[in-house]
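What follows is the content of structure16.txt, which has compact mmCIF, C-alpha atoms and all ligand atoms:
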```
# COMPACT_ATOMS: atom_id res chain seq x y z
CA MET A 1 136.26 50.77 139.44
CA HIS A 2 133.82 49.60 142.11
CA THR A 3 132.70 45.99 141.91
CA ILE A 4 129.53 45.22 140.02
CA TYR A 5 127.88 41.88 139.48
CA ASN A 6 126.04 41.36 136.23
CA PHE A 7 123.15 38.89 136.50
CA SER A 8 122.11 39.20 132.84
CA ALA A 9 120.71 36.08 131.17
CA GLY A 10 122.72 36.86 128.04
CA PRO A 11 124.88 38.32 126.78
CA ALA A 12 126.23 37.48 130.21
CA MET A 13 129.32 38.28 132.21
CA LEU A 14 132.64 36.71 131.23
CA PRO A 15 135.47 35.70 133.57
CA ALA A 16 137.58 38.77 134.42
CA VAL A 17 140.82 36.87 133.72
CA VAL A 18 139.61 36.10 130.20
CA LEU A 19 138.80 39.74 129.50
CA GLU A 20 142.19 40.79 130.88
CA GLN A 21 144.01 38.34 128.65
CA ALA A 22 142.01 39.55 125.65
CA GLN A 23 142.92 43.12 126.58
CA ASN A 24 146.60 42.27 126.81
CA GLU A 25 146.50 40.57 123.43
CA LEU A 26 144.11 43.01 121.76
CA LEU A 27 146.59 44.93 119.63
CA ASN A 28 149.32 42.36 119.28
CA TRP A 29 148.52 38.68 119.47
CA ARG A 30 151.66 36.84 120.54
CA GLY A 31 154.11 39.00 118.65
CA THR A 32 152.21 39.06 115.36
CA LYS A 33 151.59 42.84 115.74
CA MET A 34 148.03 42.04 114.69
CA SER A 35 144.78 41.80 116.55
CA VAL A 36 142.98 38.45 116.27
CA MET A 37 140.17 40.49 114.67
CA GLU A 38 142.45 41.43 111.80
CA MET A 39 143.80 37.99 110.98
CA SER A 40 142.94 35.90 107.96
CA HIS A 41 140.78 33.04 109.13
CA ARG A 42 142.86 30.76 106.92
CA GLY A 43 146.27 31.94 108.14
CA LYS A 44 148.42 29.69 110.31
CA GLU A 45 148.00 31.88 113.43
CA TYR A 46 144.24 31.70 113.26
CA MET A 47 144.25 27.98 112.45
CA ASP A 48 146.17 27.52 115.66
CA ILE A 49 143.55 29.56 117.59
CA ILE A 50 140.53 27.64 116.26
CA GLN A 51 142.16 24.22 116.59
CA THR A 52 143.27 24.95 120.14
CA ALA A 53 139.75 26.10 121.00
CA GLU A 54 138.23 22.96 119.55
CA SER A 55 140.60 20.62 121.29
CA ALA A 56 140.02 22.36 124.64
CA LEU A 57 136.26 21.97 124.16
CA ARG A 58 136.75 18.30 123.27
CA THR A 59 138.77 17.77 126.44
CA LEU A 60 136.25 19.61 128.64
CA LEU A 61 133.21 17.72 127.36
CA ASN A 62 135.08 14.51 126.60
CA ILE A 63 133.65 14.60 123.07
CA PRO A 64 133.99 11.21 121.33
CA GLU A 65 135.95 11.00 118.06
CA ASN A 66 132.85 10.33 115.97
CA TYR A 67 131.43 13.78 116.73
CA ARG A 68 132.19 16.96 114.79
CA VAL A 69 132.41 20.39 116.39
CA LEU A 70 131.08 23.23 114.25
CA PHE A 71 131.56 26.95 114.90
CA LEU A 72 128.56 28.61 113.29
CA GLN A 73 126.53 31.82 113.35
CA GLY A 74 122.84 32.65 113.55
CA GLY A 75 122.42 31.89 117.24
CA ALA A 76 120.60 29.00 118.80
CA SER A 77 117.52 30.38 117.03
CA LEU A 78 118.87 29.37 113.63
CA GLN A 79 119.37 25.84 114.94
CA PHE A 80 115.61 25.75 115.52
CA SER A 81 115.33 25.55 111.71
CA MET A 82 118.62 23.85 110.82
CA VAL A 83 117.82 20.79 112.92
CA PRO A 84 114.51 19.95 111.16
CA LEU A 85 115.85 21.06 107.77
CA ASN A 86 118.75 18.64 108.01
CA LEU A 87 117.16 15.71 109.82
CA SER A 88 113.75 15.44 108.17
CA GLU A 89 113.23 14.96 104.44
CA ASP A 90 109.87 16.64 104.11
CA LYS A 91 106.84 17.89 105.99
CA SER A 92 105.40 14.44 106.47
CA CYS A 93 108.35 13.39 108.63
CA ILE A 94 107.55 13.13 112.31
CA VAL A 95 109.78 14.81 114.85
CA ASP A 96 109.41 14.61 118.64
CA TYR A 97 109.62 17.69 120.90
CA ILE A 98 109.46 18.00 124.68
CA GLU A 99 107.95 21.37 125.58
CA THR A 100 109.16 22.86 128.84
CA GLY A 101 109.18 26.62 128.31
CA VAL A 102 109.55 29.61 126.02
CA TRP A 103 112.61 28.33 124.19
CA SER A 104 111.37 24.83 123.44
CA SER A 105 108.06 26.37 122.32
CA LYS A 106 109.94 28.54 119.84
CA ALA A 107 111.88 25.53 118.58
CA ILE A 108 108.55 23.72 118.05
CA LYS A 109 107.04 26.62 116.07
CA GLU A 110 110.02 26.63 113.75
CA ALA A 111 110.07 22.85 113.29
CA GLN A 112 106.38 22.92 112.34
CA LYS A 113 107.40 24.74 109.16
CA PHE A 114 109.45 21.77 107.97
CA ALA A 115 108.10 18.66 109.65
CA THR A 116 105.19 17.18 111.58
CA VAL A 117 105.78 17.83 115.24
CA ASN A 118 104.68 15.36 117.89
CA ILE A 119 104.62 17.04 121.30
CA VAL A 120 105.93 14.33 123.60
CA ALA A 121 104.95 16.28 126.71
CA SER A 122 104.19 19.88 127.55
CA ASN A 123 104.11 21.98 130.69
CA LEU A 124 102.23 24.74 128.87
CA THR A 125 99.11 24.34 130.97
CA GLN A 126 96.41 26.89 131.53
CA ASP A 127 97.00 27.42 135.22
CA VAL A 128 99.46 29.85 136.77
CA LYS A 129 101.98 27.07 137.24
CA LYS A 130 102.63 26.83 133.53
CA TYR A 131 106.26 26.23 132.69
CA ARG A 132 107.14 25.68 136.35
CA PHE A 133 107.58 21.91 136.23
CA ILE A 134 108.54 19.12 133.85
CA PRO A 135 105.76 16.63 133.04
CA ALA A 136 106.29 13.21 134.64
CA LYS A 137 108.24 10.78 132.44
CA GLU A 138 105.41 8.24 132.60
CA THR A 139 103.19 10.63 130.62
CA TRP A 140 105.63 11.18 127.75
CA GLN A 141 104.35 10.02 124.36
CA PHE A 142 107.21 9.31 121.99
CA ASP A 143 106.50 8.46 118.36
CA SER A 144 108.51 5.44 117.20
CA ARG A 145 108.68 6.95 113.69
CA ALA A 146 110.31 10.19 114.86
CA LYS A 147 113.48 11.34 113.11
CA TYR A 148 114.77 12.76 116.39
CA VAL A 149 113.70 13.91 119.85
CA HIS A 150 114.38 17.54 120.72
CA TYR A 151 114.50 19.10 124.19
CA THR A 152 115.87 22.15 125.96
CA THR A 153 118.17 21.16 128.81
CA ASN A 154 117.66 24.44 130.66
CA GLU A 155 114.79 26.88 130.11
CA THR A 156 116.53 30.20 130.57
CA ILE A 157 113.33 32.22 131.07
CA GLY A 158 111.25 29.82 133.16
CA GLY A 159 114.15 28.58 135.29
CA VAL A 160 113.42 24.90 134.68
CA GLU A 161 116.30 22.48 134.07
CA PHE A 162 116.50 18.74 133.39
CA SER A 163 118.63 17.05 136.04
CA GLU A 164 119.14 13.98 133.88
CA ILE A 165 119.23 13.10 130.19
CA PRO A 166 115.78 11.92 128.99
CA LYS A 167 115.60 8.26 128.01
CA VAL A 168 114.40 8.05 124.42
CA LEU A 169 113.48 5.17 122.13
CA GLU A 170 116.41 3.07 120.93
CA GLY A 171 118.02 4.40 117.77
CA ILE A 172 116.30 7.78 117.69
CA PRO A 173 118.79 10.65 117.95
CA LEU A 174 118.42 13.04 120.87
CA VAL A 175 118.89 16.71 119.99
CA ALA A 176 119.48 19.23 122.77
CA ASP A 177 119.42 23.00 122.96
CA MET A 178 122.02 23.54 125.69
CA SER A 179 122.40 27.29 125.20
CA SER A 180 122.16 28.20 128.85
CA ASP A 181 123.73 25.29 130.70
CA ILE A 182 126.41 23.88 128.41
CA LEU A 183 129.74 23.54 130.23
CA SER A 184 128.08 24.01 133.62
CA ARG A 185 128.62 20.34 134.51
CA PRO A 186 129.94 17.16 132.88
CA ILE A 187 127.59 15.61 130.34
CA ASP A 188 127.74 12.32 128.41
CA VAL A 189 127.95 13.58 124.82
CA SER A 190 127.59 10.04 123.46
CA GLN A 191 123.91 10.08 124.51
CA PHE A 192 123.20 12.82 121.95
CA GLY A 193 122.85 13.12 118.19
CA ILE A 194 123.22 16.90 118.21
CA ILE A 195 124.00 19.43 120.93
CA TYR A 196 123.81 23.13 120.10
CA ALA A 197 124.30 26.34 122.03
CA GLY A 198 124.44 30.06 121.39
CA ALA A 199 127.66 31.30 122.96
CA GLN A 200 126.50 34.40 124.82
CA LYS A 201 125.40 32.66 128.01
CA ASN A 202 128.08 30.26 129.13
CA ILE A 203 130.71 30.28 126.39
CA GLY A 204 131.70 33.71 125.11
CA PRO A 205 130.45 36.67 123.07
CA ALA A 206 127.23 36.73 121.05
CA GLY A 207 127.56 35.86 117.38
CA LEU A 208 128.96 32.35 117.77
CA THR A 209 126.91 29.16 117.89
CA ILE A 210 128.50 25.83 118.75
CA VAL A 211 127.12 22.62 117.26
CA ILE A 212 128.35 19.19 118.32
CA ILE A 213 127.01 16.63 115.87
CA ARG A 214 127.44 12.86 115.53
CA GLU A 215 129.12 12.04 112.24
CA ASP A 216 126.32 9.87 110.86
CA LEU A 217 123.87 12.80 111.14
CA VAL A 218 126.06 15.23 109.23
CA GLU A 219 125.10 13.85 105.83
CA HIS A 220 121.37 13.71 106.45
CA ALA A 221 120.25 16.85 104.60
CA LYS A 222 118.17 15.96 101.56
CA GLY A 223 116.84 18.18 98.78
CA ASN A 224 117.16 21.90 98.62
CA VAL A 225 118.72 22.90 101.91
CA PRO A 226 120.38 26.32 101.56
CA THR A 227 124.16 25.93 101.56
CA MET A 228 124.70 27.91 104.74
CA LEU A 229 122.11 25.81 106.58
CA ASP A 230 123.60 22.47 105.58
CA TYR A 231 125.62 20.75 108.33
CA LYS A 232 127.65 18.78 105.81
CA ILE A 233 128.95 21.93 104.11
CA HIS A 234 130.18 23.29 107.44
CA ALA A 235 131.61 19.94 108.51
CA LYS A 236 133.42 19.36 105.19
CA ASN A 237 134.93 22.82 105.38
CA ALA A 238 135.87 22.64 109.08
CA SER A 239 133.61 25.64 109.84
CA MET A 240 135.42 27.66 107.16
CA TYR A 241 132.98 27.50 104.27
CA ASN A 242 132.63 31.23 104.78
CA THR A 243 134.26 33.53 107.31
CA PRO A 244 133.51 32.21 110.78
CA PRO A 245 133.00 34.55 113.79
CA THR A 246 136.75 34.65 114.38
CA TYR A 247 136.95 36.86 117.44
CA GLY A 248 134.11 35.06 119.23
CA ILE A 249 135.85 31.72 118.67
CA TYR A 250 139.09 33.18 120.08
CA ILE A 251 137.32 34.40 123.26
CA ALA A 252 135.48 31.08 123.59
CA GLY A 253 138.89 29.37 123.41
CA LEU A 254 140.12 31.53 126.31
CA VAL A 255 136.99 30.61 128.32
CA PHE A 256 137.67 26.91 127.65
CA GLN A 257 141.27 27.33 128.90
CA TRP A 258 139.93 29.09 132.00
CA LEU A 259 137.60 26.16 132.71
CA LEU A 260 140.45 23.69 132.24
CA SER A 261 142.61 25.70 134.63
CA LEU A 262 139.88 25.42 137.28
CA GLY A 263 139.95 21.64 136.94
CA GLY A 264 137.32 21.14 134.24
CA LEU A 265 133.58 20.60 134.45
CA THR A 266 133.51 18.60 137.68
CA SER A 267 135.07 21.56 139.45
CA ILE A 268 132.78 24.16 137.90
CA GLU A 269 129.78 21.96 138.68
CA ALA A 270 130.65 21.98 142.38
CA ILE A 271 130.93 25.77 142.32
CA ASN A 272 127.66 26.11 140.41
CA ASP A 273 125.81 23.80 142.82
CA HIS A 274 127.17 25.81 145.73
CA LYS A 275 126.02 29.13 144.22
CA ALA A 276 122.54 27.84 143.42
CA LYS A 277 122.17 26.36 146.90
CA ILE A 278 123.02 29.68 148.56
CA LEU A 279 120.29 31.44 146.60
CA TYR A 280 117.56 28.75 146.80
CA ASP A 281 118.19 28.12 150.51
CA TYR A 282 117.72 31.82 151.12
CA LEU A 283 114.55 31.98 149.01
CA ASP A 284 113.04 28.92 150.69
CA GLN A 285 113.33 30.29 154.22
CA SER A 286 112.06 33.74 153.20
CA ASP A 287 108.55 35.06 153.74
CA PHE A 288 109.34 38.08 151.56
CA TYR A 289 110.57 36.41 148.33
CA PHE A 290 109.59 33.16 146.63
CA ASN A 291 110.42 30.78 143.79
CA ASP A 292 107.63 28.25 143.25
CA ILE A 293 109.25 26.11 140.58
CA GLU A 294 109.15 22.40 141.32
CA ARG A 295 112.27 21.78 143.39
CA SER A 296 113.61 18.79 141.50
CA VAL A 297 113.76 20.77 138.23
CA ARG A 298 114.98 24.15 139.46
CA SER A 299 117.64 25.63 137.23
CA ARG A 300 121.14 26.06 138.61
CA MET A 301 121.84 28.71 136.01
CA ASN A 302 118.80 31.02 135.94
CA VAL A 303 116.96 31.64 139.18
CA PRO A 304 113.71 33.54 138.80
CA PHE A 305 112.23 34.91 142.02
CA TRP A 306 109.36 37.14 142.96
CA LEU A 307 108.60 39.56 145.79
CA LYS A 308 105.42 38.62 147.62
CA ASN A 309 104.53 42.28 147.46
CA ASP A 310 105.05 43.00 143.76
CA ALA A 311 104.54 46.74 144.41
CA LEU A 312 108.07 46.76 145.83
CA SER A 313 109.68 45.25 142.71
CA ALA A 314 110.55 48.58 141.09
CA SER A 315 112.34 49.91 144.16
CA PHE A 316 114.07 46.53 144.61
CA LEU A 317 115.55 46.85 141.13
CA LYS A 318 116.53 50.48 141.60
CA GLU A 319 118.31 49.86 144.88
CA ALA A 320 119.96 46.71 143.57
CA GLU A 321 121.43 48.70 140.73
CA LEU A 322 122.78 51.33 143.11
CA ALA A 323 124.40 48.49 145.04
CA GLY A 324 126.11 47.26 141.85
CA LEU A 325 123.78 44.29 141.29
CA LEU A 326 122.79 44.67 137.67
CA GLN A 327 120.23 43.20 135.25
CA LEU A 328 118.07 41.46 137.81
CA LYS A 329 114.79 42.32 136.13
CA GLY A 330 112.89 39.18 135.18
CA HIS A 331 111.99 38.38 131.59
CA ARG A 332 108.82 40.17 130.53
CA ASP A 333 107.01 36.84 130.17
CA ALA A 334 107.84 35.79 133.74
CA GLY A 335 107.81 39.11 135.60
CA GLY A 336 109.58 39.50 138.95
CA MET A 337 113.34 39.03 139.08
CA ARG A 338 115.83 36.66 137.58
CA ALA A 339 119.39 36.08 138.69
CA SER A 340 121.46 34.34 136.03
CA ILE A 341 124.42 32.74 137.74
CA TYR A 342 126.42 31.14 134.94
CA ASN A 343 129.97 29.82 135.25
CA ALA A 344 131.55 33.27 135.26
CA MET A 345 129.50 34.53 138.24
CA PRO A 346 131.72 34.27 141.30
CA VAL A 347 130.37 32.89 144.60
CA GLU A 348 130.83 36.37 146.10
CA GLY A 349 128.35 37.74 143.56
CA VAL A 350 125.63 35.41 144.86
CA GLN A 351 126.57 36.09 148.49
CA THR A 352 126.37 39.84 147.85
CA LEU A 353 122.97 39.42 146.20
CA VAL A 354 121.57 37.41 149.12
CA GLN A 355 122.91 39.97 151.60
CA PHE A 356 121.26 42.76 149.60
CA MET A 357 117.96 40.85 149.41
CA ASP A 358 118.00 40.31 153.13
CA ASP A 359 118.74 43.99 153.89
CA PHE A 360 116.01 45.08 151.49
CA SER A 361 113.44 42.75 153.06
CA ARG A 362 114.23 44.08 156.56
CA LYS A 363 113.88 47.71 155.46
CA ASN A 364 110.59 47.09 153.69
CA ARG A 365 108.48 44.92 155.91
C1 LIG B 401 119.08 32.45 124.56
C2 LIG B 401 118.54 31.15 124.17
C3 LIG B 401 118.18 30.88 122.84
C4 LIG B 401 118.28 31.91 121.74
O1 LIG B 401 119.62 32.13 121.46
P1 LIG B 401 120.08 33.08 120.27
O2 LIG B 401 121.55 32.77 120.22
O3 LIG B 401 119.79 34.48 120.71
O4 LIG B 401 119.36 32.70 119.06
C5 LIG B 401 117.70 29.62 122.54
N1 LIG B 401 117.58 28.67 123.48
C6 LIG B 401 117.92 28.89 124.77
C7 LIG B 401 117.76 27.81 125.78
C8 LIG B 401 118.41 30.14 125.15
O5 LIG B 401 118.75 30.38 126.42
```
Reformat the file's structure so that it appears as structure tokens.
Amino acid sequence: MHTIYNFSAGPAMLPAVVLEQAQNELLNWRGTKMSVMEMSHRGKEYMDIIQTAESALRTLLNIPENYRVLFLQGGASLQFSMVPLNLSEDKSCIVDYIETGVWSSKAIKEAQKFATVNIVASNLTQDVKKYRFIPAKETWQFDSRAKYVHYTTNETIGGVEFSEIPKVLEGIPLVADMSSDILSRPIDVSQFGIIYAGAQKNIGPAGLTIVIIREDLVEHAKGNVPTMLDYKIHAKNASMYNTPPTYGIYIAGLVFQWLLSLGGLTSIEAINDHKAKILYDYLDQSDFYFNDIERSVRSRMNVPFWLKNDALSASFLKEAELAGLLQLKGHRDAGGMRASIYNAMPVEGVQTLVQFMDDFSRKNR
């Protein structure tokens, strides 16, 4: 098999060692003669798998004891409704949202169905630079009555990432969609009320959503919240109210072990910073490609870039694919290219990409 590098934004590549271990265990998990897919989610073997996964995640993120970890379904998109459904009593409740791109805009649209949204700040401006910066902190307008403040730590499509945790008003829970940069660096969980993430970017296979929720917020749902959308039901039942996405949780557990074996999140952060630097340094010295996102908020996970001569984009993509560099086409809203370089992307993948970009630019000037 010749080497390929998959730059997809999600579902994204997984570490080869994880896939190999899954392959070795596929038909017979540790002498049980059963695949993990075939196990009862309530059996002792599976209980061991889910508990080991949770404790590895707790170690990686240093999750305090007063936080619950939930293994849910429905993707990050379902959290767009679960958060307001659980944390606001009715439509008159005010909730704060920071708008920085396509994903936070979607979260806002959903929240508007259940609550009154105050947009704290937005980069959705009319000019071509929309979504390519984060509004200055001094301009943010929090509402002191807000039930929570929601933001998206990394905008997967726009390539805009917060480098620090926003400071919010005392006592108001901070809720973060971390779908595309969770586990990419250490983070102080105690600053958050809720963290959620779809798994298919930096955790494991699609179909699993991880929610980390402070205990005092678990019981907040009032009124007629559907059972499956109620955090307290999932917390009370240790994510086993119904059948959880068992295989996805198993693979996520293997990814957590892989991260621990590398030395945890400080180690992966150094690797991620190194990869992003290689790509941005190359882009910044180039007169053929560009990335015009404000430097201080450039994403380390999703790097959009454009060819100055857009007419060459189609042949760029075609030749990249022949060279084994896959899924570089940018999101349809952004155009151009996008290289997603999550945890599982090795440094060699980024080096190979930069080499290819350089060769392509020489051949086409
Ligand atoms: C991909 C993504 C989503 C949507 O995730 P689903 O699991 O497909 O619902 C939401 N937010 C962010 C930041 C994402 O990257």
Near-ligand residues for ligand LIG 401 (chain B), threshold 10 Å, all atoms listed in the file, as a ChimeraX atom specification: /A:9-11,73-80,101-107,151-157,161,176-182,196-202,206-210,302
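Compared by their closest atoms to Ala56 of chain A, and using only C-alpha atoms, the residues A:Ala314, A:Val175, A:Val69, A:Ile195 rank with A:Val69 nearest.
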Pick out the residues sitting within 10 Å of Lys130 of chain A, and hand them over as a list in words; count all atoms listed in the file, and ignore anything fewer than 5 positions along from it in its own chain. Thr100, Gly101, Ser122, Asn123, Leu124, Thr125, Gly158 and Ile293 of chain A
Listed atoms of segment 107-110 of chain A boxed along x, y and z, 6 Å each side, centre and edge lengths in Å, one decimal, as lines of an AutoDock Vina configuration file:
```
center_x = 109.5
center_y = 25.2
center_z = 116.2
size_x = 16.8
size_y = 14.9
size_z = 16.8
```
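Atom pair atom CA of Ser361 of chain A / atom CA of Gly336 of chain A: separated by 15.0 Å.
In terms of minimum interatomic distance to Phe162 of chain A, A:Arg295 ranks closest within A:Arg214, A:Lys222, A:Arg295, A:His274, counting all atoms listed in the file.
Of the residues listed (A:Asp358, A:Glu20, A:Glu38, A:Asp90), A:Asp90 shows the shortest atom-to-atom separation from Phe114 of chain A; distances use all atoms listed in the file.
Note that the spacing between atom CA of Asp216 of chain A and atom CA of Leu259 of chain A amounts to 29.5 Å.
Of the listed residues A:Val303, A:Met34, A:Leu260, A:Val218, the one whose atoms come nearest to Val160 of chain A is A:Val303, with distances taken using all atoms listed in the file.
The shortest atom-to-atom distance to Glu164 of chain A, with all atoms listed in the file taken into account, belongs to A:Val297 out of A:Ala320, A:Val17, A:Val297, A:Met82.
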Residues at most 8 Å from Lys308 of chain A, counting all atoms listed in the file, excluding those fewer than 2 positions away in the same chain, as a VMD selection string? chain A and resid 287 to 290 306 310
Taking all heavy atoms as the atom set, what does segment 283-292 of chain A look like once completed, written as an mmCIF file, in the frame of the given file?
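Okay, part38.cif is ready:
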```
data_model
loop_
_atom_site.group_PDB
_atom_site.id
_atom_site.type_symbol
_atom_site.label_atom_id
_atom_site.label_comp_id
_atom_site.auth_asym_id
_atom_site.auth_seq_id
_atom_site.Cartn_x
_atom_site.Cartn_y
_atom_site.Cartn_z
ATOM 1 N N LEU A 283 115.926 31.772 149.475
ATOM 2 C CA LEU A 283 114.550 31.980 149.010
ATOM 3 C C LEU A 283 113.563 31.106 149.790
ATOM 4 O O LEU A 283 112.467 31.543 150.145
ATOM 5 C CB LEU A 283 114.442 31.652 147.508
ATOM 6 C CG LEU A 283 115.090 32.659 146.548
ATOM 7 C CD1 LEU A 283 115.212 32.066 145.142
ATOM 8 C CD2 LEU A 283 114.290 33.963 146.497
ATOM 9 N N ASP A 284 113.974 29.872 150.065
ATOM 10 C CA ASP A 284 113.040 28.920 150.690
ATOM 11 C C ASP A 284 112.734 29.228 152.153
ATOM 12 O O ASP A 284 111.707 28.797 152.669
ATOM 13 C CB ASP A 284 113.572 27.488 150.553
ATOM 14 C CG ASP A 284 113.456 27.003 149.109
ATOM 15 O OD1 ASP A 284 112.685 27.620 148.340
ATOM 16 O OD2 ASP A 284 114.142 26.036 148.746
ATOM 17 N N GLN A 285 113.625 29.966 152.814
ATOM 18 C CA GLN A 285 113.330 30.290 154.220
ATOM 19 C C GLN A 285 112.683 31.681 154.324
ATOM 20 O O GLN A 285 112.302 32.123 155.395
ATOM 21 C CB GLN A 285 114.593 30.172 155.085
ATOM 22 C CG GLN A 285 115.762 31.056 154.650
ATOM 23 C CD GLN A 285 115.594 32.521 155.003
ATOM 24 O OE1 GLN A 285 115.307 32.863 156.148
ATOM 25 N NE2 GLN A 285 115.743 33.404 154.021
ATOM 26 N N SER A 286 112.532 32.358 153.169
ATOM 27 C CA SER A 286 112.060 33.740 153.200
ATOM 28 C C SER A 286 110.526 33.819 153.189
ATOM 29 O O SER A 286 109.863 33.008 152.549
ATOM 30 C CB SER A 286 112.627 34.471 151.981
ATOM 31 O OG SER A 286 112.006 35.733 151.825
ATOM 32 N N ASP A 287 109.981 34.800 153.880
ATOM 33 C CA ASP A 287 108.550 35.060 153.740
ATOM 34 C C ASP A 287 108.328 36.336 152.926
ATOM 35 O O ASP A 287 107.238 36.879 152.870
ATOM 36 C CB ASP A 287 107.869 35.152 155.110
ATOM 37 C CG ASP A 287 108.514 36.217 155.985
ATOM 38 O OD1 ASP A 287 109.374 36.969 155.482
ATOM 39 O OD2 ASP A 287 108.158 36.283 157.181
ATOM 40 N N PHE A 288 109.392 36.821 152.304
ATOM 41 C CA PHE A 288 109.340 38.080 151.560
ATOM 42 C C PHE A 288 109.491 37.827 150.055
ATOM 43 O O PHE A 288 108.886 38.495 149.234
ATOM 44 C CB PHE A 288 110.499 38.966 152.067
ATOM 45 C CG PHE A 288 110.445 40.401 151.616
ATOM 46 C CD1 PHE A 288 109.712 41.347 152.332
ATOM 47 C CD2 PHE A 288 111.155 40.822 150.489
ATOM 48 C CE1 PHE A 288 109.673 42.681 151.923
ATOM 49 C CE2 PHE A 288 111.110 42.154 150.075
ATOM 50 C CZ PHE A 288 110.373 43.081 150.799
ATOM 51 N N TYR A 289 110.326 36.811 149.723
ATOM 52 C CA TYR A 289 110.570 36.410 148.330
ATOM 53 C C TYR A 289 110.103 34.972 148.150
ATOM 54 O O TYR A 289 110.033 34.216 149.112
ATOM 55 C CB TYR A 289 112.066 36.445 147.992
ATOM 56 C CG TYR A 289 112.766 37.738 148.304
ATOM 57 C CD1 TYR A 289 113.462 37.899 149.504
ATOM 58 C CD2 TYR A 289 112.761 38.795 147.397
ATOM 59 C CE1 TYR A 289 114.128 39.089 149.795
ATOM 60 C CE2 TYR A 289 113.431 39.983 147.686
ATOM 61 C CZ TYR A 289 114.110 40.126 148.885
ATOM 62 O OH TYR A 289 114.769 41.292 149.172
ATOM 63 N N PHE A 290 109.871 34.583 146.867
ATOM 64 C CA PHE A 290 109.590 33.160 146.630
ATOM 65 C C PHE A 290 110.001 32.732 145.230
ATOM 66 O O PHE A 290 110.161 33.561 144.323
ATOM 67 C CB PHE A 290 108.099 32.843 146.862
ATOM 68 C CG PHE A 290 107.164 33.438 145.836
ATOM 69 C CD1 PHE A 290 106.717 32.680 144.756
ATOM 70 C CD2 PHE A 290 106.731 34.758 145.936
ATOM 71 C CE1 PHE A 290 105.856 33.226 143.810
ATOM 72 C CE2 PHE A 290 105.871 35.306 144.982
ATOM 73 C CZ PHE A 290 105.426 34.542 143.921
ATOM 74 N N ASN A 291 110.203 31.428 145.090
ATOM 75 C CA ASN A 291 110.420 30.780 143.790
ATOM 76 C C ASN A 291 109.607 29.494 143.885
ATOM 77 O O ASN A 291 109.902 28.632 144.709
ATOM 78 C CB ASN A 291 111.912 30.459 143.587
ATOM 79 C CG ASN A 291 112.157 29.476 142.455
ATOM 80 O OD1 ASN A 291 111.661 28.347 142.480
ATOM 81 N ND2 ASN A 291 112.930 29.849 141.461
ATOM 82 N N ASP A 292 108.524 29.396 143.085
ATOM 83 C CA ASP A 292 107.630 28.250 143.250
ATOM 84 C C ASP A 292 107.784 27.213 142.138
ATOM 85 O O ASP A 292 106.856 26.493 141.803
ATOM 86 C CB ASP A 292 106.168 28.722 143.348
ATOM 87 C CG ASP A 292 105.710 29.459 142.102
ATOM 88 O OD1 ASP A 292 106.546 29.659 141.181
ATOM 89 O OD2 ASP A 292 104.530 29.833 142.030
#
```
